[in-house]
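To keep things clear, I will list the structure first and then write my remarks on it.
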Amino acid sequence: MLRRFLDIPMRLPALDRRLARFWIPAAVVWVSYLLFGEKLHLDGDLIDDVFILVVIAQLMQVVWQLRDYPPARTVALALAPYAATLLLAVVWRQLAPRSFKEYNDGIDMVGTFVFFWMVGLFWVARSQKKRLAIEQQRRAEEEQAQQRIVARNAELEQLVLARTAALRQQTQELQQALEELQTTQSQLIQAEKMASLGELTAGIAHEIQNPLNFVNNFAEVSSELAQELALERNRPTRDLPLEAELLGDLKQNMLKITQHGQRAASIVRGMLEHSRASTGERSLTDLNALCDEYLRLAYHGLRAKDKSFNATLHTDFAPVLPLVEAVSQDVGRVLLNLFTNAFYAVRQRQQAGEAGYAP
């Protein structure tokens, strides 16, 4: 019973095999006693007590090897008083039989106490074993739960990795789609700008032709004035007041040529600025000049569509406006749209026939 109670087959398999064969020498001793006990005058009680002591000693050896097992320690506490009492009784009875008989009742009382002590501690050991079994079951369940958690975590990690890979793929696809969309948008903007530039070309060419005509006319007049001035200087009697007048006329013509040349250059510069693709890079920009260029570009564009439209352009720019960092192409496109809408508005107001209104 103690073998199963202390789980000796599982904990001490080698010792368990030896205990399983312990009945063989015990049987030999008992058979020998039955056959030769009377002839040899052997004491049967002594043989019983010695056999019990040997069994207890064997059990104490087992318990010592299982001393880390709490029920085994309790069994040792239960057997130790019984073994000590039995050993004392055997020795006392063999050495002083008369004295032993005198105290036999007291020895029986001690034996009874030791018996109940042993029974009580065996009950305690049984309770300990039950608690240990419950604790082991709880630990086993916790280990199983932990294993399930680990397995679930591994499964979730795989799901997260798969989901992350899918999201990364979607992100790459969206990024590629965004880049394609941005490229298409840039192409559409550039195409729109070129289309608007094409609409402006006819009117702007006419507007450029006007200052060029002025430049040509003033250049021809200046050439004639230069020839007249050269003739005047070659005469024997020079007319200094006339020469001064001719020089003054030449200066005025040069100023007119410069003015109309700058006007033509401004129109061309606005067209070139409008036709360039935006790089998105900021640069120092003169907002006054940018507004003036796109104001005139919008005006010439509307005149290209409607020759009857005329407007007087008045500007009031800040004289000391500092340069600012901006993307001139993008700002210019915004200004062109604003000015174009404004010119359309004043043209509609003019066409409505409002009295006294002059754009």
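In the structure tokens, each chain is lettered A, B, ... as it comes, each chain's residues begin at 1, and ligands are numbered from 1 in order of appearance.
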Problem set entry | Expected answer as an MDAnalysis selection string: alpha helix (DSSP H) residues in range 210-312 of chain A | chainID A and resid 210:234 240:275 287:305
Write the residues you've just listed into a file as an mmCIF file, in the first residue's frame, and include C-alpha atoms for each of them.
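And here's selection29.cif as it stands now:
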```
data_model
loop_
_atom_site.group_PDB
_atom_site.id
_atom_site.type_symbol
_atom_site.label_atom_id
_atom_site.label_comp_id
_atom_site.auth_asym_id
_atom_site.auth_seq_id
_atom_site.Cartn_x
_atom_site.Cartn_y
_atom_site.Cartn_z
ATOM 1 C CA ASN A 210 1.916 96.904 -82.209
ATOM 2 C CA PRO A 211 5.025 97.750 -80.172
ATOM 3 C CA LEU A 212 7.202 96.337 -82.945
ATOM 4 C CA ASN A 213 5.498 98.678 -85.432
ATOM 5 C CA PHE A 214 6.203 101.581 -83.106
ATOM 6 C CA VAL A 215 9.823 100.455 -82.820
ATOM 7 C CA ASN A 216 10.145 100.243 -86.615
ATOM 8 C CA ASN A 217 8.479 103.625 -87.172
ATOM 9 C CA PHE A 218 10.560 105.417 -84.579
ATOM 10 C CA ALA A 219 13.673 103.692 -85.906
ATOM 11 C CA GLU A 220 12.946 104.977 -89.455
ATOM 12 C CA VAL A 221 12.255 108.486 -88.183
ATOM 13 C CA SER A 222 15.410 108.371 -86.101
ATOM 14 C CA SER A 223 17.398 107.297 -89.153
ATOM 15 C CA GLU A 224 16.070 110.276 -91.112
ATOM 16 C CA LEU A 225 16.840 112.603 -88.212
ATOM 17 C CA ALA A 226 20.371 111.216 -88.030
ATOM 18 C CA GLN A 227 20.890 111.828 -91.749
ATOM 19 C CA GLU A 228 19.528 115.364 -91.447
ATOM 20 C CA LEU A 229 21.796 115.994 -88.453
ATOM 21 C CA ALA A 230 24.809 114.737 -90.402
ATOM 22 C CA LEU A 231 23.999 117.054 -93.333
ATOM 23 C CA GLU A 232 23.572 119.982 -90.998
ATOM 24 C CA ARG A 233 26.953 119.369 -89.422
ATOM 25 C CA ASN A 234 28.655 119.227 -92.845
ATOM 26 C CA LEU A 240 23.238 124.934 -83.708
ATOM 27 C CA PRO A 241 19.637 125.403 -82.502
ATOM 28 C CA LEU A 242 18.456 123.072 -85.273
ATOM 29 C CA GLU A 243 21.067 120.487 -84.312
ATOM 30 C CA ALA A 244 19.962 120.660 -80.702
ATOM 31 C CA GLU A 245 16.348 120.172 -81.773
ATOM 32 C CA LEU A 246 17.295 117.172 -83.923
ATOM 33 C CA LEU A 247 19.242 115.614 -81.021
ATOM 34 C CA GLY A 248 16.259 116.123 -78.727
ATOM 35 C CA ASP A 249 13.989 114.386 -81.223
ATOM 36 C CA LEU A 250 16.461 111.498 -81.473
ATOM 37 C CA LYS A 251 16.477 111.084 -77.685
ATOM 38 C CA GLN A 252 12.680 111.048 -77.593
ATOM 39 C CA ASN A 253 12.595 108.437 -80.330
ATOM 40 C CA MET A 254 15.126 106.261 -78.461
ATOM 41 C CA LEU A 255 12.982 106.438 -75.323
ATOM 42 C CA LYS A 256 9.908 105.418 -77.336
ATOM 43 C CA ILE A 257 11.817 102.551 -78.941
ATOM 44 C CA THR A 258 13.007 101.371 -75.506
ATOM 45 C CA GLN A 259 9.516 101.644 -74.020
ATOM 46 C CA HIS A 260 7.801 99.667 -76.772
ATOM 47 C CA GLY A 261 10.645 97.120 -76.882
ATOM 48 C CA GLN A 262 10.246 96.487 -73.167
ATOM 49 C CA ARG A 263 6.521 96.068 -73.669
ATOM 50 C CA ALA A 264 7.099 93.402 -76.333
ATOM 51 C CA ALA A 265 9.738 91.711 -74.173
ATOM 52 C CA SER A 266 7.321 91.659 -71.236
ATOM 53 C CA ILE A 267 4.657 89.930 -73.337
ATOM 54 C CA VAL A 268 7.124 87.322 -74.586
ATOM 55 C CA ARG A 269 8.510 86.765 -71.086
ATOM 56 C CA GLY A 270 5.015 86.160 -69.743
ATOM 57 C CA MET A 271 4.319 83.619 -72.487
ATOM 58 C CA LEU A 272 7.565 81.780 -71.772
ATOM 59 C CA GLU A 273 6.931 81.779 -68.042
ATOM 60 C CA HIS A 274 3.430 80.441 -68.572
ATOM 61 C CA SER A 275 4.591 77.687 -70.923
ATOM 62 C CA LEU A 287 5.712 89.780 -56.998
ATOM 63 C CA ASN A 288 5.186 93.216 -58.559
ATOM 64 C CA ALA A 289 6.804 92.160 -61.827
ATOM 65 C CA LEU A 290 5.031 88.791 -61.743
ATOM 66 C CA CYS A 291 1.621 90.432 -61.261
ATOM 67 C CA ASP A 292 2.283 92.945 -64.035
ATOM 68 C CA GLU A 293 3.359 90.254 -66.508
ATOM 69 C CA TYR A 294 0.354 88.001 -65.903
ATOM 70 C CA LEU A 295 -2.033 90.956 -65.831
ATOM 71 C CA ARG A 296 -0.986 91.885 -69.340
ATOM 72 C CA LEU A 297 -0.913 88.243 -70.444
ATOM 73 C CA ALA A 298 -4.523 87.775 -69.313
ATOM 74 C CA TYR A 299 -5.537 91.017 -71.000
ATOM 75 C CA HIS A 300 -3.937 90.059 -74.301
ATOM 76 C CA GLY A 301 -5.481 86.592 -74.078
ATOM 77 C CA LEU A 302 -8.981 88.014 -73.780
ATOM 78 C CA ARG A 303 -8.343 90.480 -76.605
ATOM 79 C CA ALA A 304 -7.280 87.512 -78.738
ATOM 80 C CA LYS A 305 -10.822 86.166 -78.379
#
```
Exercise. Which is closer to Arg126 in chain A than all the others in A:Arg73, A:Lys307, A:Arg333, A:Arg282, using only C-alpha atoms?
Worked result: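 For Arg126 in chain A, the nearest of the given residues is A:Arg73.
Using only C-alpha atoms, the nearest neighbour of Val331 in chain A within the list A:Asp286, A:Glu354, A:Asp306, A:Glu141 is A:Asp286.
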